[in-house]
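S.K.: Here you go, this is query_9.cif (mmCIF, C-alpha atoms and all ligand atoms).
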data_protein
loop_
_atom_site.label_atom_id
_atom_site.label_comp_id
_atom_site.auth_asym_id
_atom_site.auth_seq_id
_atom_site.Cartn_x
_atom_site.Cartn_y
_atom_site.Cartn_z
CA MET Y 822 -3.38 41.44 -29.93
CA GLY Y 823 -2.97 39.70 -33.30
CA VAL Y 824 -4.77 40.74 -36.44
CA GLU Y 825 -7.25 39.00 -38.72
CA ILE Y 826 -6.37 37.89 -42.25
CA GLU Y 827 -9.32 37.92 -44.63
CA ILE Y 828 -8.68 35.85 -47.73
CA LYS Y 829 -11.24 36.02 -50.50
CA ASP Y 830 -11.46 34.15 -53.82
CA LEU Y 831 -7.70 33.80 -53.92
CA THR Y 832 -6.38 32.06 -57.04
CA LYS Y 833 -2.79 31.36 -57.98
CA SER Y 834 -1.21 29.69 -60.98
CA PHE Y 835 2.26 29.45 -62.43
CA GLY Y 836 1.93 29.68 -66.19
CA ARG Y 837 -0.85 27.25 -67.04
CA GLN Y 838 -0.53 25.28 -63.81
CA LEU Y 839 -3.33 26.22 -61.43
CA ILE Y 840 -2.07 25.77 -57.85
CA TRP Y 841 -5.34 26.59 -56.08
CA GLY Y 842 -8.44 28.58 -56.94
CA ASP Y 843 -11.13 30.55 -55.13
CA VAL Y 844 -9.62 30.08 -51.69
CA THR Y 845 -11.77 31.94 -49.17
CA LEU Y 846 -11.22 31.91 -45.42
CA THR Y 847 -10.79 34.24 -42.48
CA ILE Y 848 -7.90 33.55 -40.15
CA PRO Y 849 -9.17 34.92 -36.84
CA ALA Y 850 -7.10 37.38 -34.83
CA GLY Y 851 -5.02 35.78 -32.11
CA GLU Y 852 -6.01 32.19 -32.94
CA ILE Y 853 -3.82 29.28 -33.98
CA CYS Y 854 -4.61 27.80 -37.39
CA VAL Y 855 -3.02 24.80 -39.08
CA MET Y 856 -3.04 24.40 -42.86
CA LEU Y 857 -2.76 20.84 -44.11
CA GLY Y 858 -2.68 19.29 -47.54
CA PRO Y 859 -0.93 16.61 -49.55
CA SER Y 860 2.53 17.50 -50.88
CA GLY Y 861 2.46 19.95 -53.73
CA THR Y 862 -0.99 21.37 -53.01
CA GLY Y 863 0.50 24.82 -52.58
CA LYS Y 864 0.73 25.38 -48.83
CA SER Y 865 4.06 27.16 -49.08
CA VAL Y 866 2.76 29.12 -52.06
CA LEU Y 867 -0.14 30.23 -49.85
CA LEU Y 868 2.23 31.44 -47.12
CA LYS Y 869 4.31 33.34 -49.68
CA THR Y 870 1.16 34.91 -51.13
CA LEU Y 871 0.05 36.05 -47.68
CA ILE Y 872 3.25 38.03 -47.16
CA GLY Y 873 3.19 39.40 -50.69
CA LEU Y 874 6.23 37.48 -51.95
CA LEU Y 875 3.99 36.02 -54.66
CA LYS Y 876 1.19 37.85 -56.44
CA PRO Y 877 -2.10 35.96 -56.84
CA ASP Y 878 -3.90 35.92 -60.20
CA ARG Y 879 -7.13 36.98 -58.54
CA GLY Y 880 -8.66 37.60 -55.15
CA SER Y 881 -7.67 39.55 -52.07
CA VAL Y 882 -5.79 39.18 -48.80
CA VAL Y 883 -6.92 41.95 -46.49
CA ILE Y 884 -4.98 42.75 -43.33
CA GLU Y 885 -5.91 45.83 -41.33
CA GLY Y 886 -7.77 47.25 -44.31
CA VAL Y 887 -4.89 46.79 -46.78
CA ASP Y 888 -5.23 44.32 -49.64
CA ILE Y 889 -1.82 42.73 -50.02
CA ALA Y 890 -2.73 41.43 -53.47
CA SER Y 891 -3.19 44.89 -54.93
CA CYS Y 892 -1.55 47.44 -52.62
CA SER Y 893 1.45 49.63 -53.43
CA GLU Y 894 5.00 48.50 -52.63
CA ARG Y 895 5.06 51.08 -49.86
CA ASP Y 896 1.92 49.68 -48.17
CA LEU Y 897 3.25 46.17 -48.62
CA TYR Y 898 6.47 47.16 -46.86
CA GLU Y 899 4.43 48.45 -43.93
CA VAL Y 900 2.11 45.41 -43.75
CA ARG Y 901 5.08 43.04 -43.88
CA LYS Y 902 6.28 44.49 -40.59
CA LEU Y 903 3.28 42.78 -38.98
CA PHE Y 904 4.66 39.37 -39.93
CA GLY Y 905 7.17 37.05 -38.34
CA VAL Y 906 8.06 34.02 -40.42
CA LEU Y 907 9.67 30.78 -39.34
CA PHE Y 908 11.11 29.07 -42.39
CA GLN Y 909 11.53 25.30 -42.53
CA ASP Y 910 15.24 25.22 -41.72
CA GLY Y 911 15.22 28.26 -39.44
CA ALA Y 912 17.00 30.15 -42.27
CA MET Y 913 19.92 31.13 -40.07
CA PHE Y 914 23.06 32.78 -41.41
CA GLY Y 915 25.64 30.02 -40.95
CA SER Y 916 28.59 32.29 -40.21
CA MET Y 917 26.80 34.40 -37.57
CA ASN Y 918 26.34 33.30 -33.99
CA LEU Y 919 22.80 32.95 -32.63
CA TYR Y 920 22.89 36.35 -30.96
CA ASP Y 921 23.74 38.14 -34.22
CA ASN Y 922 21.21 36.04 -36.14
CA VAL Y 923 18.43 37.00 -33.76
CA ALA Y 924 19.57 40.63 -33.66
CA PHE Y 925 19.70 40.84 -37.46
CA PRO Y 926 16.15 42.14 -38.15
CA LEU Y 927 16.55 44.78 -35.43
CA ARG Y 928 19.81 46.02 -36.93
CA GLU Y 929 18.32 45.94 -40.44
CA HIS Y 930 14.91 47.48 -39.80
CA THR Y 931 15.20 49.68 -36.72
CA LYS Y 932 17.48 52.39 -35.41
CA LYS Y 933 17.68 50.88 -31.93
CA SER Y 934 20.90 51.17 -29.96
CA GLU Y 935 22.98 48.06 -29.26
CA SER Y 936 21.90 48.11 -25.61
CA GLU Y 937 18.21 48.18 -26.60
CA ILE Y 938 18.89 45.40 -29.09
CA ARG Y 939 20.60 43.32 -26.39
CA LYS Y 940 17.57 43.65 -24.12
CA ILE Y 941 15.17 42.51 -26.86
CA VAL Y 942 17.39 39.67 -28.10
CA MET Y 943 17.86 38.28 -24.60
CA GLU Y 944 14.14 38.55 -23.86
CA LYS Y 945 13.31 36.53 -27.00
CA MET Y 946 16.09 34.01 -26.34
CA GLU Y 947 14.56 33.48 -22.93
CA LEU Y 948 11.08 33.04 -24.40
CA VAL Y 949 12.31 30.17 -26.58
CA GLY Y 950 14.55 28.67 -23.89
CA LEU Y 951 17.89 29.41 -25.53
CA VAL Y 952 19.63 31.62 -22.98
CA GLY Y 953 23.28 30.58 -22.77
CA THR Y 954 23.63 29.61 -26.43
CA GLU Y 955 24.11 33.12 -27.84
CA ASP Y 956 27.70 32.48 -28.93
CA LYS Y 957 26.98 29.22 -30.76
CA LEU Y 958 26.97 29.02 -34.54
CA PRO Y 959 23.83 27.51 -36.17
CA GLY Y 960 25.91 24.51 -37.28
CA GLU Y 961 26.85 23.75 -33.68
CA ILE Y 962 23.30 23.24 -32.37
CA SER Y 963 20.54 20.70 -32.98
CA GLY Y 964 17.76 21.12 -35.53
CA GLY Y 965 15.25 21.75 -32.75
CA MET Y 966 17.41 24.50 -31.28
CA ARG Y 967 17.83 26.07 -34.72
CA LYS Y 968 14.04 26.21 -35.04
CA ARG Y 969 13.81 27.88 -31.64
CA ALA Y 970 16.45 30.39 -32.70
CA GLY Y 971 14.44 30.98 -35.89
CA ILE Y 972 11.36 31.63 -33.77
CA ALA Y 973 13.32 34.05 -31.52
CA ARG Y 974 14.44 35.93 -34.62
CA GLY Y 975 10.86 35.98 -35.93
CA LEU Y 976 9.73 37.53 -32.65
CA VAL Y 977 12.14 40.46 -32.32
CA LEU Y 978 10.00 42.92 -34.28
CA ASP Y 979 6.93 42.00 -32.17
CA PRO Y 980 4.84 40.54 -35.01
CA GLU Y 981 1.06 40.44 -34.99
CA ILE Y 982 1.03 37.41 -37.31
CA ILE Y 983 3.46 34.49 -37.24
CA LEU Y 984 3.71 32.05 -40.13
CA PHE Y 985 5.37 28.70 -39.45
CA ASP Y 986 6.38 26.69 -42.52
CA GLU Y 987 6.61 23.05 -41.39
CA PRO Y 988 8.09 23.83 -37.96
CA ASP Y 989 8.25 20.09 -37.23
CA SER Y 990 10.12 19.04 -40.38
CA GLY Y 991 13.16 16.99 -39.49
CA LEU Y 992 12.33 16.82 -35.79
CA ASP Y 993 11.72 13.66 -33.79
CA PRO Y 994 8.31 13.24 -32.09
CA VAL Y 995 9.55 14.38 -28.69
CA ARG Y 996 11.20 17.54 -30.08
CA THR Y 997 8.05 18.16 -32.13
CA SER Y 998 5.98 17.92 -28.97
CA PHE Y 999 8.26 20.39 -27.17
CA LEU Y 1000 8.10 22.74 -30.13
CA ASN Y 1001 4.30 22.48 -30.20
CA GLN Y 1002 4.19 23.34 -26.52
CA LEU Y 1003 6.42 26.33 -27.20
CA ILE Y 1004 4.07 27.47 -29.98
CA VAL Y 1005 1.03 27.21 -27.68
CA ASP Y 1006 2.88 29.00 -24.85
CA LEU Y 1007 3.99 31.77 -27.20
CA ASN Y 1008 0.46 32.22 -28.48
CA ALA Y 1009 -0.72 32.66 -24.90
CA GLN Y 1010 2.07 35.08 -24.13
CA ILE Y 1011 2.13 37.33 -27.22
CA ASP Y 1012 -1.45 36.79 -28.39
CA ALA Y 1013 -0.52 37.04 -32.09
CA THR Y 1014 -2.25 35.26 -34.97
CA PHE Y 1015 -0.50 31.98 -35.80
CA LEU Y 1016 -0.67 30.05 -39.08
CA ILE Y 1017 1.19 26.75 -39.18
CA VAL Y 1018 1.77 24.65 -42.27
CA THR Y 1019 2.50 21.08 -41.27
CA HIS Y 1020 2.31 17.45 -42.32
CA ASP Y 1021 2.23 16.27 -38.75
CA ILE Y 1022 -1.22 14.91 -37.98
CA ASN Y 1023 -0.66 14.86 -34.24
CA THR Y 1024 0.20 18.56 -34.36
CA ALA Y 1025 -2.92 19.23 -36.41
CA ARG Y 1026 -5.09 17.25 -34.04
CA THR Y 1027 -3.86 18.78 -30.80
CA VAL Y 1028 -2.47 22.29 -31.33
CA PRO Y 1029 -4.76 24.56 -33.36
CA ASP Y 1030 -8.05 26.33 -32.84
CA ASN Y 1031 -8.81 25.91 -36.55
CA ILE Y 1032 -7.74 23.55 -39.31
CA GLY Y 1033 -7.71 24.05 -43.08
CA LEU Y 1034 -7.15 21.41 -45.74
CA LEU Y 1035 -5.95 22.21 -49.24
CA TYR Y 1036 -6.71 19.46 -51.71
CA HIS Y 1037 -7.10 19.16 -55.46
CA LYS Y 1038 -6.56 22.84 -56.20
CA HIS Y 1039 -9.00 24.20 -53.68
CA LEU Y 1040 -9.61 24.66 -49.98
CA ALA Y 1041 -11.54 21.50 -49.12
CA MET Y 1042 -12.52 22.69 -45.65
CA PHE Y 1043 -11.58 25.28 -43.04
CA GLY Y 1044 -13.05 25.57 -39.58
CA PRO Y 1045 -12.74 24.83 -35.87
CA ARG Y 1046 -10.56 21.84 -34.92
CA GLU Y 1047 -13.52 19.90 -33.55
CA MET Y 1048 -15.47 20.42 -36.77
CA LEU Y 1049 -12.77 18.84 -38.92
CA LEU Y 1050 -11.94 16.08 -36.43
CA SER Y 1051 -15.57 14.99 -36.34
CA SER Y 1052 -16.12 15.42 -40.08
CA GLU Y 1053 -17.21 12.48 -42.22
CA GLU Y 1054 -16.29 14.36 -45.41
CA PRO Y 1055 -14.15 11.73 -47.23
CA VAL Y 1056 -11.08 13.84 -48.01
CA VAL Y 1057 -10.98 15.45 -44.57
CA ARG Y 1058 -11.56 12.16 -42.81
CA GLN Y 1059 -8.92 10.35 -44.84
CA PHE Y 1060 -6.28 13.03 -44.39
CA LEU Y 1061 -6.80 13.75 -40.70
CA ASN Y 1062 -6.74 10.07 -39.89
CA ALA Y 1063 -3.85 9.19 -42.23
CA GLN Y 1064 -5.84 6.46 -43.97
CA ARG Y 1065 -5.28 4.84 -47.36
CA VAL Y 1066 -8.99 4.32 -48.03
CA GLY Y 1067 -10.49 7.49 -49.48
CA PRO Y 1068 -10.26 9.82 -52.48
CA ILE Y 1069 -6.57 10.75 -52.03
CA GLY Y 1070 -4.23 8.44 -53.93
CA MET Y 1071 -0.47 7.92 -53.89
CA SER Y 1072 0.45 10.77 -56.19
CA GLU Y 1073 -2.90 12.42 -56.90
CA GLU Y 1074 -6.63 11.75 -56.73
CA LYS Y 1075 -7.67 8.13 -57.12
CA ASP Y 1076 -9.43 7.37 -60.38
CA ALA Y 1077 -12.97 5.99 -60.70
CA ASP Y 1078 -11.77 2.35 -60.92
CA GLU Y 1079 -9.72 2.63 -57.76
CA LEU Y 1080 -12.61 4.22 -55.89
CA GLU Y 1081 -15.02 1.56 -57.19
CA ALA Y 1082 -12.66 -1.19 -55.99
CA GLU Y 1083 -12.69 0.10 -52.43
CA LYS Y 1084 -16.31 1.15 -52.21
CA ASP Y 1085 -17.33 -1.79 -50.02
CA GLN Y 1086 -14.40 -1.43 -47.65
CA GLU Y 1087 -15.54 -0.43 -44.24
CA LEU Y 1088 -13.86 2.63 -42.83
CA PRO Y 1089 -12.53 2.38 -39.31
CA PRO Y 1090 -14.55 4.49 -36.87
CA LEU Y 1091 -13.42 8.07 -36.33
CA PRO Y 1092 -10.87 8.16 -33.53
CA PRO Y 1093 -11.67 10.19 -30.39
CA ILE Y 1094 -10.95 13.92 -30.54
CA PRO Y 1095 -7.99 14.61 -28.28
CA MET Y 1096 -7.85 17.45 -25.79
CA GLN Y 1097 -6.29 20.59 -27.19
CA MET Y 1098 -2.80 21.32 -25.91
CA GLU Y 1099 -2.92 23.96 -23.19
CA PRO Y 1100 -0.29 26.55 -22.30
CA SER Y 1101 2.21 25.29 -19.77
CA ASN Y 1102 3.10 28.80 -18.59
CA GLY Y 1103 -0.13 29.39 -16.69
CA ILE Y 1104 -1.28 32.12 -19.08
CA PRO Y 1105 -4.72 31.35 -20.53
CA ARG Y 1106 -5.05 31.67 -24.30
CA ARG Y 1107 -7.71 34.12 -25.41
CA SER Y 1108 -9.06 31.70 -28.02
CA GLN Y 1109 -9.01 28.55 -25.88
CA ARG Y 1110 -12.47 26.95 -25.75
CA GLU Y 1111 -13.96 24.38 -23.43
CA PRO Y 1112 -13.32 20.87 -24.79
CA GLY Y 1113 -16.33 19.76 -26.82
CA SER Y 1114 -17.88 23.23 -26.99
CA TRP Y 1115 -17.99 23.37 -30.80
CA CYS Y 1116 -19.61 19.92 -30.94
CA LYS Y 1117 -22.16 20.93 -28.30
CA GLU Y 1118 -23.05 24.23 -29.99
CA ASN Y 1119 -23.49 22.49 -33.32
CA GLY Y 1120 -25.34 19.39 -32.17
CA VAL Y 1121 -22.51 17.09 -33.26
CA THR Y 1122 -21.82 13.93 -31.27
CA PRO Y 1123 -18.04 13.57 -31.06
CA PRO Y 1124 -16.52 10.12 -31.56
CA PRO Y 1125 -16.67 7.99 -28.38
CA GLY Y 1126 -13.82 8.64 -25.94
CA SER Y 1127 -13.30 12.21 -27.13
CA PHE Y 1128 -11.86 14.82 -24.75
CA GLU Y 1129 -10.77 12.29 -22.17
CA GLU Y 1130 -7.59 13.27 -20.34
CA ASN Y 1131 -4.37 11.46 -21.34
CA MET Y 1132 -5.85 9.84 -24.41
CA SER Y 1133 -3.89 11.66 -27.09
CA MET Y 1134 -0.61 10.28 -28.32
CA VAL Y 1135 1.73 13.10 -27.40
CA THR Y 1136 0.35 16.16 -25.73
CA GLU Y 1137 2.27 16.44 -22.50
CA VAL Y 1138 5.87 17.52 -22.12
N1 LIG U 1 8.09 30.07 -57.98
C1 LIG U 1 7.48 29.02 -58.54
N2 LIG U 1 7.41 28.89 -59.87
C2 LIG U 1 6.76 27.86 -60.44
N3 LIG U 1 6.16 26.87 -59.74
C3 LIG U 1 6.20 26.94 -58.41
C4 LIG U 1 6.85 28.02 -57.73
N4 LIG U 1 6.73 27.83 -56.40
C5 LIG U 1 6.00 26.69 -56.25
N5 LIG U 1 5.70 26.16 -57.44
C6 LIG U 1 4.90 24.95 -57.66
O1 LIG U 1 3.71 25.06 -56.89
C7 LIG U 1 3.31 23.77 -56.43
C8 LIG U 1 3.01 23.84 -54.95
O2 LIG U 1 4.24 24.01 -54.24
P1 LIG U 1 4.32 24.18 -52.67
O3 LIG U 1 5.77 24.13 -52.31
O4 LIG U 1 3.56 25.38 -52.24
O5 LIG U 1 3.58 22.89 -52.16
P2 LIG U 1 3.39 22.37 -50.66
O6 LIG U 1 1.96 22.05 -50.49
O7 LIG U 1 4.00 23.37 -49.72
O8 LIG U 1 4.26 21.05 -50.73
P3 LIG U 1 5.05 20.24 -49.58
O9 LIG U 1 4.01 19.78 -48.61
O10 LIG U 1 5.69 19.12 -50.32
O11 LIG U 1 6.06 21.22 -48.96
C9 LIG U 1 4.41 22.80 -56.82
O12 LIG U 1 3.99 22.12 -57.97
C10 LIG U 1 5.58 23.69 -57.12
O13 LIG U 1 6.40 23.12 -58.09
#
Any chance you could put this one into structure tokens?
M.R.:
Amino acid sequence: MGVEIEIKDLTKSFGRQLIWGDVTLTIPAGEICVMLGPSGTGKSVLLKTLIGLLKPDRGSVVIEGVDIASCSERDLYEVRKLFGVLFQDGAMFGSMNLYDNVAFPLREHTKKSESEIRKIVMEKMELVGLVGTEDKLPGEISGGMRKRAGIARGLVLDPEIILFDEPDSGLDPVRTSFLNQLIVDLNAQIDATFLIVTHDINTARTVPDNIGLLYHKHLAMFGPREMLLSSEEPVVRQFLNAQRVGPIGMSEEKDADELEAEKDQELPPLPPIPMQMEPSNGIPRRSQREPGSWCKENGVTPPPGSFEENMSMVTEV
């Protein structure tokens, strides 16, 4: 069913370097969330903090009543079993074939027999469309297939929460679109809570139920996809529309002179909000909303042309 993650006043630094402070958000059970942010704003650090690989300086991360930031090692071990993680490169063992890679967590963490393991591995390989490649080594398949294998491995312990660290890194737009469709289909099928860190704006615009943006050492905004895609807040608007005009500069925030210089520049209108990607497997997602429903409920007029079929760049496969 997926579980909720309640993050409150979370602050993390390394030595004197503050990464982010007072991050507060609730990742709703069973929904898909995307976390965005310029490079170096600590998205990966956030993922690692959520699974207890890094300890925050302050704040809490509560999952099923357990605060990961302060619980015992024993509780942490138990809570970690709720997570499946897809690392950027799939994190496959190079010398093991795909079957053994996917079976690895089952052999490590359960006492299942090899015949039970085979059933689970094949079921997950089928879910990600990799049946027939069990004997291949990770080096013998494409980057997109490696990511799928990484997802299959992340699924074998039936996680309630799946973290994806830049699932689209290194993939071409078509493979990214296929992978996004797989993510949406999986969410419909297993109903777990998904958190995706990505730089891909098209993914952010079309896949999630909610979007978060980390910027300048804090969480600039977190909320429903339609809220962020219709937002005029300068940082959110600049980032989600990949524009140069706005507070975000090349390597950090723009300074006062730079902002003054562009103050009379007219911003292009907000682009239409695309339809959200729907499952292709015929299974409705529990958190799927009617297009435009957030805007309607909140009295927000979406940009012209929003929610028209076939208007987004890449949503169909
Ligand atoms: N274990 C660590 N020790 C010290 N500093 C670290 C550690 N891990 C991350 N950092 C620092 O934290 C900052 C944020 O890193 P992080 O990788 O989370 O950023 P990111 O937003 O995921 O970046 P990108 O989008 O480029 O992947 C960086 O300055 C990085 O050097």
S.K.: Would you list the contacts of segment 899-914 of chain Y as a count of residues only, taking every protein, DNA or RNA residue within 7 Å and counting all atoms listed in the file, but skipping same-chain residues closer than 5 positions in sequence?
M.R.: 19
S.K.: If I take atom CA of Asp888 of chain Y and atom CA of Glu827 of chain Y, how far is one from the other in Å, to one decimal?
M.R.: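 We find that atom CA of Asp888 of chain Y and atom CA of Glu827 of chain Y lie 9.1 Å from each other.
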S.K.: So that all listed atoms of segment 831-838 of chain Y fit with 6 Å spare on each side, what axis-aligned box centre and edge lengths in Å, to one decimal, would you give as JSON?
M.R.:
{"center_x": -2.7, "center_y": 29.5, "center_z": -60.5, "size_x": 22.0, "size_y": 20.5, "size_z": 25.1}
S.K.: Using only C-alpha atoms and all ligand atoms, I'd like a table of the residues in chain Y that come within 6 Å of ligand LIG 1 (chain U); for each, show the closest atom pair and its distance in Å rounded to one decimal, ordered by chain and ascending number, as a Markdown table.
M.R.:
| residue | atom | partner | partner_atom | distance |
| --- | --- | --- | --- | --- |
| Y:Phe835 | CA | U:LIG1 | C2 | 5.2 |
| Y:Ile840 | CA | U:LIG1 | O1 | 5.9 |
| Y:Pro859 | CA | U:LIG1 | O9 | 5.9 |
| Y:Ser860 | CA | U:LIG1 | O9 | 3.5 |
| Y:Gly861 | CA | U:LIG1 | O5 | 3.5 |
| Y:Thr862 | CA | U:LIG1 | O6 | 3.9 |
| Y:Gly863 | CA | U:LIG1 | O4 | 3.1 |
| Y:Lys864 | CA | U:LIG1 | O6 | 3.9 |
| Y:Ser865 | CA | U:LIG1 | O4 | 3.7 |
| Y:Val866 | CA | U:LIG1 | O4 | 3.8 |
S.K.: Please identify all polymer residues within 7 Å of Pro877 of chain Y, counting all atoms listed in the file, omitting same-chain residues fewer than 5 positions from it, and present them as a ChimeraX atom specification.
M.R.: /Y:831-833,870,890
S.K.: Residues within 10 Å of Gln1010 of chain Y, please, as a PyMOL selection string. Count all atoms listed in the file; anything in the same chain fewer than 2 positions from it doesn't count.
M.R.: chain Y and resi 948+1004-1008+1012-1013+1100+1102-1107
S.K.: For a quick check of understanding, using all atoms listed in the file, which of Y:Val977, Y:Leu1091, Y:Leu958, Y:Val882 has the smallest distance to Glu929 of chain Y?
M.R.: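 Selected residue with least distance to Glu929 of chain Y: Y:Val977.
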